[in-house]
$ cat run-v1.txt   # compact mmCIF, C-alpha atoms
# COMPACT_ATOMS: atom_id res chain seq x y z
CA MET Z 1 -62.56 -26.25 39.61
CA THR Z 2 -60.30 -28.36 37.51
CA THR Z 3 -56.69 -27.24 37.11
CA THR Z 4 -54.77 -28.44 34.10
CA VAL Z 5 -51.13 -28.98 34.76
CA ARG Z 6 -48.94 -28.77 31.65
CA PRO Z 7 -46.02 -31.13 31.57
CA PRO Z 8 -42.64 -29.41 31.63
CA ARG Z 9 -40.99 -28.90 28.25
CA SER Z 10 -38.12 -31.18 27.49
CA VAL Z 11 -34.58 -29.89 27.11
CA SER Z 12 -34.67 -30.51 23.36
CA THR Z 13 -37.89 -28.49 23.05
CA ARG Z 14 -36.36 -25.57 24.96
CA ARG Z 15 -33.24 -25.73 22.77
CA THR Z 16 -35.39 -25.69 19.63
CA ALA Z 17 -37.28 -22.64 20.83
CA SER Z 18 -34.05 -20.92 21.77
CA SER Z 19 -32.60 -21.76 18.34
CA ARG Z 20 -35.65 -20.26 16.63
CA LYS Z 21 -35.28 -17.07 18.66
CA ARG Z 22 -31.63 -16.78 17.66
CA GLN Z 23 -32.53 -17.36 14.00
CA ARG Z 24 -35.21 -14.65 14.17
CA ALA Z 25 -32.71 -12.30 15.84
CA ASP Z 26 -30.09 -13.06 13.19
CA ALA Z 27 -32.62 -12.48 10.43
CA THR Z 28 -33.59 -9.15 11.98
CA THR Z 29 -29.92 -8.15 12.26
CA ARG Z 30 -29.26 -9.07 8.61
CA ALA Z 31 -32.32 -7.13 7.50
CA THR Z 32 -31.19 -4.12 9.51
CA ARG Z 33 -27.70 -4.29 8.03
CA LYS Z 34 -29.12 -4.65 4.53
CA THR Z 35 -31.37 -1.66 5.06
CA THR Z 36 -28.44 0.36 6.42
CA ARG Z 37 -26.31 -0.56 3.42
CA THR Z 38 -29.12 0.34 1.05
CA LYS Z 39 -29.52 3.73 2.66
CA THR Z 40 -25.77 4.30 2.48
CA HIS Z 41 -25.70 3.37 -1.19
CA THR Z 42 -28.54 5.69 -2.15
CA THR Z 43 -27.76 8.86 -0.27
CA ALA Z 44 -28.57 12.02 -2.18
CA GLY Z 45 -25.05 13.36 -1.68
CA GLY Z 46 -23.47 10.20 -3.06
CA ARG Z 47 -25.72 10.17 -6.11
CA ALA Z 48 -24.97 13.84 -6.77
CA LEU Z 49 -21.22 13.23 -6.44
CA ALA Z 50 -21.39 10.28 -8.85
CA ARG Z 51 -23.39 12.31 -11.38
CA MET Z 52 -20.88 15.18 -11.28
CA VAL Z 53 -18.00 12.79 -11.99
CA GLY Z 54 -19.95 11.26 -14.87
CA PHE Z 55 -21.03 14.57 -16.40
CA LEU Z 56 -17.49 15.95 -16.20
CA ALA Z 57 -15.99 12.87 -17.88
CA LEU Z 58 -18.71 13.01 -20.55
CA GLY Z 59 -18.13 16.73 -21.11
CA LEU Z 60 -14.37 16.27 -21.49
CA THR Z 61 -14.93 13.38 -23.90
CA LEU Z 62 -17.31 15.38 -26.10
CA PHE Z 63 -14.92 18.33 -26.03
CA GLY Z 64 -12.12 15.98 -27.04
CA LEU Z 65 -14.13 14.71 -30.01
CA VAL Z 66 -14.61 18.27 -31.25
CA MET Z 67 -10.91 19.07 -30.89
CA VAL Z 68 -9.83 15.81 -32.56
CA LEU Z 69 -12.10 16.64 -35.51
CA SER Z 70 -10.55 20.08 -35.76
CA ALA Z 71 -6.95 18.87 -35.32
CA THR Z 72 -7.26 16.13 -37.97
CA SER Z 73 -9.36 17.97 -40.55
CA VAL Z 74 -6.30 18.73 -42.70
CA SER Z 75 -4.25 15.56 -42.20
CA GLY Z 76 -7.35 13.40 -42.69
CA VAL Z 77 -8.01 14.82 -46.13
CA TYR Z 78 -4.34 14.70 -47.11
CA LEU Z 79 -3.52 11.21 -45.81
CA GLU Z 80 -6.85 9.37 -45.82
CA GLN Z 81 -8.93 11.41 -48.30
CA SER Z 82 -11.53 11.76 -45.58
CA LEU Z 83 -12.27 14.71 -43.32
CA LEU Z 84 -13.91 12.41 -40.74
CA PHE Z 85 -11.46 9.48 -40.78
CA GLN Z 86 -9.77 10.03 -37.39
CA PHE Z 87 -12.90 11.56 -35.88
CA SER Z 88 -15.03 8.52 -36.76
CA ARG Z 89 -12.49 6.19 -35.15
CA GLN Z 90 -12.37 8.31 -32.01
CA ALA Z 91 -16.18 8.51 -31.92
CA LEU Z 92 -16.39 4.72 -32.13
CA TRP Z 93 -13.98 4.38 -29.21
CA ALA Z 94 -16.04 6.97 -27.32
CA VAL Z 95 -19.12 4.76 -27.73
CA VAL Z 96 -17.16 1.73 -26.47
CA GLY Z 97 -15.81 3.82 -23.60
CA GLY Z 98 -19.33 5.00 -22.79
CA PHE Z 99 -20.51 1.41 -22.33
CA VAL Z 100 -17.44 0.67 -20.20
CA PHE Z 101 -18.20 3.74 -18.08
CA LEU Z 102 -21.80 2.66 -17.52
CA LEU Z 103 -20.72 -0.87 -16.61
CA ALA Z 104 -18.02 0.34 -14.22
CA SER Z 105 -20.33 2.89 -12.59
CA ARG Z 106 -23.11 0.33 -11.98
CA ILE Z 107 -20.98 -2.50 -10.65
CA ASP Z 108 -20.19 -2.71 -6.94
CA TYR Z 109 -16.52 -1.72 -6.92
CA ARG Z 110 -15.89 -4.00 -3.91
CA LYS Z 111 -16.37 -7.02 -6.17
CA LEU Z 112 -13.22 -5.96 -8.04
CA GLN Z 113 -10.98 -6.19 -4.99
CA ARG Z 114 -10.22 -9.86 -5.46
CA LEU Z 115 -9.31 -9.23 -9.13
CA GLY Z 116 -6.10 -7.33 -8.34
CA PRO Z 117 -3.65 -10.23 -8.85
CA LEU Z 118 -5.56 -11.50 -11.90
CA SER Z 119 -5.49 -8.06 -13.54
CA VAL Z 120 -1.72 -7.91 -13.02
CA LEU Z 121 -1.32 -11.34 -14.61
CA VAL Z 122 -3.46 -10.43 -17.64
CA SER Z 123 -1.67 -7.10 -18.10
CA THR Z 124 1.73 -8.84 -17.90
CA VAL Z 125 0.71 -11.32 -20.61
CA LEU Z 126 -0.51 -8.49 -22.87
CA LEU Z 127 2.62 -6.41 -22.29
CA ILE Z 128 4.73 -9.42 -23.27
CA ALA Z 129 2.55 -10.11 -26.30
CA VAL Z 130 3.21 -6.70 -27.87
CA LEU Z 131 6.95 -7.52 -27.89
CA ILE Z 132 6.49 -10.77 -29.86
CA PRO Z 133 7.11 -10.29 -33.60
CA GLY Z 134 4.01 -11.09 -35.57
CA VAL Z 135 1.77 -10.60 -32.53
CA GLY Z 136 2.48 -7.02 -31.54
CA SER Z 137 2.29 -4.17 -34.04
CA ASN Z 138 5.44 -2.11 -34.54
CA ILE Z 139 4.75 1.51 -35.49
CA ASN Z 140 7.51 4.10 -35.89
CA GLY Z 141 10.00 1.79 -34.14
CA SER Z 142 7.80 1.18 -31.08
CA SER Z 143 6.03 -2.06 -30.18
CA ARG Z 144 3.10 -0.88 -28.10
CA TRP Z 145 -0.02 -2.16 -29.83
CA LEU Z 146 -2.01 -5.36 -30.30
CA THR Z 147 -4.24 -5.69 -33.34
CA ILE Z 148 -7.42 -7.67 -32.67
CA GLY Z 149 -9.53 -7.76 -35.82
CA PRO Z 150 -10.35 -4.18 -36.77
CA MET Z 151 -9.30 -2.90 -33.34
CA THR Z 152 -5.86 -1.84 -32.13
CA ILE Z 153 -5.35 -1.66 -28.38
CA GLN Z 154 -2.48 -0.41 -26.25
CA PRO Z 155 -2.07 -2.70 -23.19
CA ALA Z 156 0.00 -0.08 -21.34
CA GLU Z 157 -3.17 1.96 -20.73
CA PHE Z 158 -4.91 -0.93 -19.00
CA ALA Z 159 -1.80 -1.78 -16.98
CA LYS Z 160 -2.42 1.48 -15.11
CA ILE Z 161 -5.78 0.22 -13.85
CA ALA Z 162 -4.25 -3.18 -13.00
CA LEU Z 163 -1.53 -1.63 -10.83
CA ILE Z 164 -4.08 0.57 -9.03
CA LEU Z 165 -6.41 -2.39 -8.33
CA PHE Z 166 -3.54 -4.54 -7.08
CA THR Z 167 -2.10 -1.82 -4.84
CA ALA Z 168 -5.49 -0.86 -3.37
CA ASP Z 169 -6.28 -4.51 -2.61
CA LEU Z 170 -2.88 -5.24 -1.04
CA LEU Z 171 -2.79 -2.12 1.13
CA THR Z 172 -6.36 -2.78 2.28
CA ARG Z 173 -5.68 -6.34 3.39
CA ARG Z 174 -2.46 -5.31 5.15
CA ALA Z 175 -3.73 -2.10 6.70
CA LYS Z 176 -2.42 -3.07 10.13
CA LYS Z 177 1.05 -3.86 8.80
CA MET Z 178 1.91 -0.58 7.08
CA ASP Z 179 5.10 -0.32 9.12
CA ARG Z 180 6.33 -3.51 7.44
CA ALA Z 181 7.92 -2.43 4.15
CA ASP Z 182 8.52 -6.06 3.18
CA LEU Z 183 4.78 -6.77 3.29
CA THR Z 184 3.47 -3.54 1.78
CA ILE Z 185 6.00 -1.52 -0.20
CA ARG Z 186 8.02 -4.42 -1.59
CA PRO Z 187 5.11 -6.24 -3.37
CA VAL Z 188 4.01 -2.97 -4.98
CA LEU Z 189 7.56 -2.27 -6.16
CA VAL Z 190 7.84 -5.79 -7.59
CA VAL Z 191 4.74 -5.29 -9.77
CA LEU Z 192 5.83 -1.77 -10.66
CA GLY Z 193 9.28 -3.05 -11.61
CA LEU Z 194 7.83 -5.83 -13.77
CA PHE Z 195 5.54 -3.43 -15.63
CA SER Z 196 8.36 -0.88 -15.97
CA LEU Z 197 10.73 -3.41 -17.51
CA LEU Z 198 8.17 -4.51 -20.09
CA LEU Z 199 7.22 -0.91 -20.87
CA LEU Z 200 10.83 0.17 -21.34
CA LEU Z 201 11.26 -2.60 -23.89
CA GLN Z 202 8.47 -1.10 -26.01
CA PRO Z 203 9.85 1.64 -25.25
CA LYS Z 204 7.47 3.82 -23.19
CA LEU Z 205 9.19 5.73 -20.39
CA GLY Z 206 6.28 8.18 -19.94
CA THR Z 207 3.93 5.45 -18.72
CA VAL Z 208 6.61 4.20 -16.30
CA ILE Z 209 6.79 7.69 -14.77
CA VAL Z 210 2.99 7.81 -14.41
CA LEU Z 211 2.85 4.36 -12.79
CA ALA Z 212 5.65 5.21 -10.35
CA ALA Z 213 3.96 8.47 -9.33
CA VAL Z 214 0.61 6.76 -8.78
CA ALA Z 215 2.15 3.90 -6.77
CA LEU Z 216 4.03 6.30 -4.48
CA THR Z 217 0.89 8.41 -4.01
CA MET Z 218 -1.15 5.39 -2.97
CA LEU Z 219 1.56 4.18 -0.59
CA PHE Z 220 1.72 7.63 1.00
CA ILE Z 221 -2.05 7.83 1.44
CA ALA Z 222 -2.16 4.29 2.83
CA GLY Z 223 0.24 5.27 5.62
CA SER Z 224 3.65 3.98 4.55
CA ARG Z 225 6.65 5.40 6.38
CA LEU Z 226 7.83 8.68 4.89
CA ASP Z 227 11.53 7.81 5.15
CA HIS Z 228 10.95 4.67 3.09
CA LEU Z 229 9.03 6.61 0.44
CA ALA Z 230 11.66 9.36 0.35
CA ILE Z 231 14.40 6.82 -0.34
CA ILE Z 232 12.33 5.14 -3.04
CA ALA Z 233 11.45 8.46 -4.70
CA THR Z 234 15.10 9.55 -4.71
CA LEU Z 235 16.24 6.27 -6.22
CA GLY Z 236 13.41 6.48 -8.74
CA VAL Z 237 14.48 9.93 -9.92
CA LEU Z 238 18.09 8.75 -10.27
CA VAL Z 239 17.04 5.67 -12.25
CA ALA Z 240 14.78 7.78 -14.49
CA GLY Z 241 17.67 10.12 -15.17
CA VAL Z 242 19.98 7.23 -16.08
CA LEU Z 243 17.32 5.73 -18.36
CA ALA Z 244 16.65 9.08 -19.99
CA TYR Z 245 20.31 9.50 -20.91
CA SER Z 246 20.97 5.84 -21.73
CA ALA Z 247 19.01 5.91 -25.00
CA GLU Z 248 20.04 8.36 -27.71
CA TYR Z 249 16.51 9.47 -28.65
CA ARG Z 250 15.54 10.05 -25.00
CA ARG Z 251 18.75 11.98 -24.39
CA ALA Z 252 18.01 14.11 -27.45
CA ARG Z 253 14.52 14.86 -26.07
CA ILE Z 254 15.95 16.00 -22.75
CA LEU Z 255 18.47 18.28 -24.47
CA ALA Z 256 15.76 19.61 -26.79
CA PHE Z 257 13.63 20.41 -23.73
CA LEU Z 258 16.49 22.37 -22.17
CA ASN Z 259 17.09 24.32 -25.38
CA PRO Z 260 14.79 23.41 -28.30
CA TRP Z 261 16.41 25.99 -30.59
CA ASP Z 262 19.59 23.90 -30.71
CA ASP Z 263 17.66 21.48 -32.94
CA PRO Z 264 14.68 23.48 -34.29
CA THR Z 265 13.92 21.11 -37.17
CA GLY Z 266 14.54 17.89 -35.24
CA PHE Z 267 13.76 17.02 -31.63
CA GLY Z 268 13.04 20.64 -30.78
CA LEU Z 269 10.42 21.02 -33.54
CA GLN Z 270 7.38 19.88 -31.56
CA THR Z 271 8.19 22.03 -28.53
CA ILE Z 272 8.78 25.13 -30.66
CA GLN Z 273 5.70 24.67 -32.85
CA SER Z 274 3.52 23.89 -29.83
CA GLN Z 275 4.59 27.13 -28.14
CA VAL Z 276 4.09 29.07 -31.39
CA GLY Z 277 0.57 27.71 -31.67
CA ILE Z 278 -0.27 28.56 -28.06
CA ALA Z 279 1.12 32.07 -28.44
CA SER Z 280 -0.81 32.57 -31.70
CA GLY Z 281 -4.08 31.90 -29.93
CA GLY Z 282 -3.82 34.95 -27.73
CA PHE Z 283 -6.60 35.56 -25.24
CA PHE Z 284 -9.64 34.49 -27.28
CA GLY Z 285 -8.06 32.23 -29.92
CA VAL Z 286 -8.15 32.24 -33.71
CA GLY Z 287 -11.50 30.45 -33.79
CA LEU Z 288 -12.57 26.82 -33.75
CA GLY Z 289 -11.04 25.06 -36.75
CA GLY Z 290 -8.68 27.91 -37.55
CA ALA Z 291 -5.42 26.60 -36.08
CA ARG Z 292 -2.43 26.85 -38.37
CA SER Z 293 -0.40 24.32 -36.41
CA LYS Z 294 -2.41 21.41 -37.80
CA TRP Z 295 -1.27 22.23 -41.36
CA GLY Z 296 1.77 20.00 -40.95
CA PHE Z 297 3.71 22.33 -38.65
CA LEU Z 298 3.01 20.41 -35.41
CA PRO Z 299 3.44 16.60 -35.56
CA HIS Z 300 0.93 14.54 -33.56
CA ALA Z 301 -1.26 17.59 -33.02
CA HIS Z 302 -4.35 15.41 -32.46
CA SER Z 303 -2.77 13.19 -29.78
CA ASP Z 304 0.29 14.29 -27.81
CA PHE Z 305 -0.14 18.03 -28.50
CA ILE Z 306 -3.92 18.46 -28.51
CA PHE Z 307 -3.59 21.13 -25.80
CA ALA Z 308 -1.69 23.38 -28.23
CA ILE Z 309 -4.62 23.16 -30.69
CA VAL Z 310 -7.06 24.00 -27.88
CA ALA Z 311 -5.04 27.05 -26.83
CA GLU Z 312 -4.57 28.24 -30.42
CA GLU Z 313 -8.21 27.92 -31.44
CA ILE Z 314 -9.96 28.88 -28.18
CA GLY Z 315 -7.17 30.96 -26.70
CA LEU Z 316 -6.05 31.44 -23.14
CA ILE Z 317 -9.66 31.18 -22.00
CA GLY Z 318 -9.99 27.71 -23.53
CA GLY Z 319 -6.65 26.52 -22.19
CA VAL Z 320 -7.30 27.73 -18.65
CA GLY Z 321 -10.84 26.38 -18.82
CA LEU Z 322 -9.54 22.94 -19.74
CA ILE Z 323 -7.01 23.04 -16.90
CA MET Z 324 -9.77 24.04 -14.47
CA ALA Z 325 -11.84 21.08 -15.68
CA PHE Z 326 -9.05 18.75 -14.58
CA VAL Z 327 -8.74 20.66 -11.29
CA LEU Z 328 -12.46 20.04 -10.77
CA PHE Z 329 -11.95 16.37 -11.60
CA GLY Z 330 -9.25 16.24 -8.94
CA TYR Z 331 -11.52 17.93 -6.40
CA LEU Z 332 -14.34 15.46 -7.07
CA GLY Z 333 -11.93 12.53 -6.92
CA ILE Z 334 -10.57 13.69 -3.57
CA ARG Z 335 -14.10 14.05 -2.22
CA VAL Z 336 -14.90 10.52 -3.36
CA ALA Z 337 -11.76 9.19 -1.68
CA ILE Z 338 -12.33 11.05 1.59
CA ASN Z 339 -15.95 9.94 1.84
CA ALA Z 340 -15.49 6.39 0.56
CA PRO Z 341 -17.28 3.81 2.75
CA ASP Z 342 -14.19 1.61 3.15
CA ARG Z 343 -10.40 1.61 2.87
CA PHE Z 344 -10.37 -0.19 -0.49
CA GLY Z 345 -12.69 2.42 -2.00
CA MET Z 346 -10.58 5.23 -0.57
CA LEU Z 347 -7.33 3.85 -2.00
CA LEU Z 348 -8.91 2.96 -5.33
CA ALA Z 349 -10.36 6.46 -5.73
CA ALA Z 350 -7.04 8.04 -4.73
CA GLY Z 351 -5.14 5.95 -7.26
CA LEU Z 352 -7.54 6.64 -10.14
CA THR Z 353 -7.63 10.37 -9.41
CA SER Z 354 -3.87 10.72 -9.10
CA TRP Z 355 -3.43 8.85 -12.39
CA ILE Z 356 -5.68 11.20 -14.37
CA LEU Z 357 -4.26 14.32 -12.74
CA PHE Z 358 -0.60 13.38 -13.07
CA GLN Z 359 -1.00 12.34 -16.70
CA ALA Z 360 -2.79 15.60 -17.52
CA PHE Z 361 0.00 17.49 -15.74
CA LEU Z 362 2.65 15.72 -17.85
CA ASN Z 363 0.81 16.32 -21.12
CA ILE Z 364 0.04 20.00 -20.56
CA GLY Z 365 3.52 20.65 -19.15
CA MET Z 366 4.98 19.05 -22.26
CA ALA Z 367 2.78 21.15 -24.57
CA ILE Z 368 3.78 24.46 -22.99
CA GLY Z 369 7.48 23.50 -22.98
CA GLN Z 370 7.90 23.16 -19.22
CA LEU Z 371 8.45 19.39 -19.21
CA PRO Z 372 10.26 17.00 -21.56
CA ILE Z 373 8.21 15.21 -24.21
CA THR Z 374 6.92 11.93 -22.78
CA GLY Z 375 4.25 10.96 -25.29
CA GLU Z 376 1.49 10.58 -22.68
CA PRO Z 377 -1.95 11.59 -24.04
CA LEU Z 378 -4.24 14.12 -22.39
CA PRO Z 379 -6.98 12.05 -20.70
CA TYR Z 380 -10.40 12.19 -22.39
CA VAL Z 381 -9.23 14.80 -24.93
CA SER Z 382 -6.34 13.35 -26.98
CA ALA Z 383 -6.98 10.94 -29.84
CA GLY Z 384 -6.38 7.34 -28.82
CA GLY Z 385 -8.88 4.55 -28.26
CA SER Z 386 -7.19 2.66 -25.42
CA SER Z 387 -6.47 5.86 -23.52
CA LEU Z 388 -10.07 7.03 -23.85
CA VAL Z 389 -11.61 3.70 -22.82
CA SER Z 390 -9.31 3.27 -19.81
CA SER Z 391 -9.91 6.88 -18.70
CA LEU Z 392 -13.68 6.41 -18.93
CA ALA Z 393 -13.34 3.16 -16.97
CA ALA Z 394 -11.54 5.15 -14.26
CA ALA Z 395 -14.36 7.71 -14.21
CA GLY Z 396 -16.90 4.89 -13.98
CA LEU Z 397 -15.17 3.34 -10.98
CA LEU Z 398 -14.97 6.75 -9.30
CA SER Z 399 -18.69 7.15 -9.92
CA SER Z 400 -19.35 3.73 -8.38
CA ILE Z 401 -17.40 4.65 -5.25
CA GLY Z 402 -18.98 8.10 -5.14
CA ARG Z 403 -22.50 6.67 -5.25
CA ARG Z 404 -21.73 4.78 -2.06
CA ALA Z 405 -19.85 7.66 -0.42
CA LYS Z 406 -20.90 8.85 3.01
CA VAL Z 407 -21.80 12.38 1.91

$ encode --input "run-v1.txt" --output "structure tokens"
Amino acid sequence: MTTTVRPPRSVSTRRTASSRKRQRADATTRATRKTTRTKTHTTAGGRALARMVGFLALGLTLFGLVMVLSATSVSGVYLEQSLLFQFSRQALWAVVGGFVFLLASRIDYRKLQRLGPLSVLVSTVLLIAVLIPGVGSNINGSSRWLTIGPMTIQPAEFAKIALILFTADLLTRRAKKMDRADLTIRPVLVVLGLFSLLLLLQPKLGTVIVLAAVALTMLFIAGSRLDHLAIIATLGVLVAGVLAYSAEYRRARILAFLNPWDDPTGFGLQTIQSQVGIASGGFFGVGLGGARSKWGFLPHAHSDFIFAIVAEEIGLIGGVGLIMAFVLFGYLGIRVAINAPDRFGMLLAAGLTSWILFQAFLNIGMAIGQLPITGEPLPYVSAGGSSLVSSLAAAGLLSSIGRRAKV
């Protein structure tokens, strides 16, 4: 019997075999991770959560189109000789916003994390551009718009998204250094201060208040020290008070809020007429299209005071229903944040949700006379292209995070 003796494998041969085994193991690990990520991204709960956010944003947008048509039916005929003038513009922006929503909801939100500093830079350039004569458009004494061909945009609306992206990115990368205010709170305050300065030059104090509230909310959720945040919030309130009384028109708005009947035909007019319209609606409203406020009694009824038109035409039921829709939006946003697959998604969802909720709170509080007039639109409902597009972008990003949520 012949026995064949195989020569021993060389060291290089053994190393090659070992290398191949490691490569196969690494490939298996990558495939497993990819499969795990795929399963996480396509969970039924995540898809359902994303759909609910999308349907709610779509429903609010369609409702807003109806109310804008109703609120501008009189002024459109009188000023533009067209019943559908303002409605057609808002509908066009809704189409643009719809595409932005679809794009934002389909993109992997984690790819946006590195765009935080760039978005701040672009927003800063745009906020400076509106202040340059001949570049920015000055309307009613305010320089807040850029005209690009047939489109007019308001950079302040997109600065909100830029601040949220920047803050979420920074607080994610420095998660283990939240006790260091110089590395976490200070950079956020620098960006907030830069945006605030440029916005006050427009002037637009309402957006500054929204940005400050969102930034503090995100810092709180990220784990910043409460004593630091308390000091910042106190100083912020003091500065806001000084700014409110430093300009004559802002001081007049504050005094009109405290007692609008002291100036019923001036700064108190909008507050009084808004409350009259809401009271006239009663429980069931005067009927869709039947508001009397839009007949020149309530200035900016289609934008700043759209809630008064809703309450007058659909009544208390319509007003409460609209408020509950925003409460539902907040609930869905909180669920997205809690179940986000990573810290960046959690902070991004928290920032976007707090922005929409706080702005809705300001607008509705202003309409019912419980807050001073700030000029902030009601998200998804008020007329305004930049506001609608940016709000739909926020809903799209929430949907993107929600789709990947661990529900």

$ residues_near_point --input "run-v1.txt" --point "(17.3, 9.7, -20.3)" --cutoff "12 Å" --atoms "all atoms listed in the file" --output "list in words"
Leu200, Lys204, Leu205, Gly206, Val237, Leu238, Val239, Ala240, Gly241, Val242, Leu243, Ala244, Tyr245, Ser246, Ala247, Glu248, Tyr249, Arg250, Arg251, Ala252, Arg253, Ile254, Leu255, Ala256, Phe257, Pro372, Ile373 and Thr374 of chain Z

$ residues_around --input "run-v1.txt" --residues "segment 323-325 of chain Z" --least-positions-apart "3" --cutoff "10 Å" --atoms "only C-alpha atoms" --output "PyMOL selection string"
chain Z and resi 56-57+59-60+307+317-320+328-331+360-361+364

$ closest_residue --input "run-v1.txt" --among "Z:Asp179, Z:Asp169, Z:Glu157, Z:Asp342" --to "Leu388 of chain Z" --atoms "all atoms listed in the file"
Z:Glu157

$ residues_around --input "run-v1.txt" --residues "Ile153 of chain Z" --least-positions-apart "4" --cutoff "8 Å" --atoms "all atoms listed in the file" --output "list in words"
Trp145, Leu146, Thr147, Ile148, Gly385 and Ser386 of chain Z

$ axis_aligned_box --input "run-v1.txt" --around "segment 62-69 of chain Z" --padding-each-side "8 Å" --output "JSON"
{"center_x": -13.6, "center_y": 16.9, "center_z": -30.8, "size_x": 23.5, "size_y": 20.4, "size_z": 25.5}

$ atom_distance --input "run-v1.txt" --atom1 "atom CA of Ala175 of chain Z" --atom2 "atom CA of Arg106 of chain Z"
27.0 Å

$ closest_residue --input "run-v1.txt" --among "Z:Leu102, Z:Leu199, Z:Leu298, Z:Leu316" --to "Ser280 of chain Z" --atoms "all atoms listed in the file"
Z:Leu316

$ atom_distance --input "run-v1.txt" --atom1 "atom CA of Pro379 of chain Z" --atom2 "atom CA of Ser391 of chain Z"
6.3 Å

$ atom_distance --input "run-v1.txt" --atom1 "atom CA of Ala383 of chain Z" --atom2 "atom CA of Ala279 of chain Z"
22.7 Å

$ closest_residue --input "run-v1.txt" --among "Z:Lys160, Z:Lys294, Z:Lys177, Z:Arg225" --to "Trp355 of chain Z" --atoms "all atoms listed in the file"
Z:Lys160

$ residues_around --input "run-v1.txt" --residues "Phe158 of chain Z" --least-positions-apart "4" --cutoff "8 Å" --atoms "only C-alpha atoms" --output "list in words"
Ser123, Gln154, Ala162, Ser386 and Ser390 of chain Z

$ residues_around --input "run-v1.txt" --residues "Gln359 of chain Z" --least-positions-apart "6" --cutoff "12 Å" --atoms "only C-alpha atoms" --output "list in words"
Glu157, Lys160, Gly206, Thr207, Val208, Ile209, Val210, Leu211, Ala212, Ala213, Val214, Asp304, Phe326, Gly330, Leu352, Thr353, Gly365, Met366, Thr374, Gly375, Glu376, Pro377, Leu378, Pro379, Tyr380, Val381, Ser382, Ser387 and Ser391 of chain Z

$ residues_near_point --input "run-v1.txt" --point "(4.5, 4.9, -6.9)" --cutoff "12 Å" --atoms "all atoms listed in the file" --output "short mmCIF file (atom, residue, chain, number, x, y, z; two decimals) with C-alpha atoms, in the coordinates of the input"
data_model
loop_
_atom_site.label_atom_id
_atom_site.label_comp_id
_atom_site.auth_asym_id
_atom_site.auth_seq_id
_atom_site.Cartn_x
_atom_site.Cartn_y
_atom_site.Cartn_z
CA LYS Z 160 -2.42 1.48 -15.11
CA LEU Z 163 -1.53 -1.63 -10.83
CA ILE Z 164 -4.08 0.57 -9.03
CA THR Z 167 -2.10 -1.82 -4.84
CA ILE Z 185 6.00 -1.52 -0.20
CA ARG Z 186 8.02 -4.42 -1.59
CA PRO Z 187 5.11 -6.24 -3.37
CA VAL Z 188 4.01 -2.97 -4.98
CA LEU Z 189 7.56 -2.27 -6.16
CA VAL Z 190 7.84 -5.79 -7.59
CA VAL Z 191 4.74 -5.29 -9.77
CA LEU Z 192 5.83 -1.77 -10.66
CA GLY Z 193 9.28 -3.05 -11.61
CA SER Z 196 8.36 -0.88 -15.97
CA THR Z 207 3.93 5.45 -18.72
CA VAL Z 208 6.61 4.20 -16.30
CA ILE Z 209 6.79 7.69 -14.77
CA VAL Z 210 2.99 7.81 -14.41
CA LEU Z 211 2.85 4.36 -12.79
CA ALA Z 212 5.65 5.21 -10.35
CA ALA Z 213 3.96 8.47 -9.33
CA VAL Z 214 0.61 6.76 -8.78
CA ALA Z 215 2.15 3.90 -6.77
CA LEU Z 216 4.03 6.30 -4.48
CA THR Z 217 0.89 8.41 -4.01
CA MET Z 218 -1.15 5.39 -2.97
CA LEU Z 219 1.56 4.18 -0.59
CA PHE Z 220 1.72 7.63 1.00
CA ILE Z 221 -2.05 7.83 1.44
CA ALA Z 222 -2.16 4.29 2.83
CA SER Z 224 3.65 3.98 4.55
CA HIS Z 228 10.95 4.67 3.09
CA LEU Z 229 9.03 6.61 0.44
CA ALA Z 230 11.66 9.36 0.35
CA ILE Z 232 12.33 5.14 -3.04
CA ALA Z 233 11.45 8.46 -4.70
CA THR Z 234 15.10 9.55 -4.71
CA LEU Z 235 16.24 6.27 -6.22
CA GLY Z 236 13.41 6.48 -8.74
CA VAL Z 237 14.48 9.93 -9.92
CA GLY Z 351 -5.14 5.95 -7.26
CA SER Z 354 -3.87 10.72 -9.10
CA TRP Z 355 -3.43 8.85 -12.39
CA PHE Z 358 -0.60 13.38 -13.07
#

$ closest_residue --input "run-v1.txt" --among "Z:Leu392, Z:Leu170, Z:Val130, Z:Val77" --to "Pro117 of chain Z" --atoms "all atoms listed in the file"
Z:Leu170
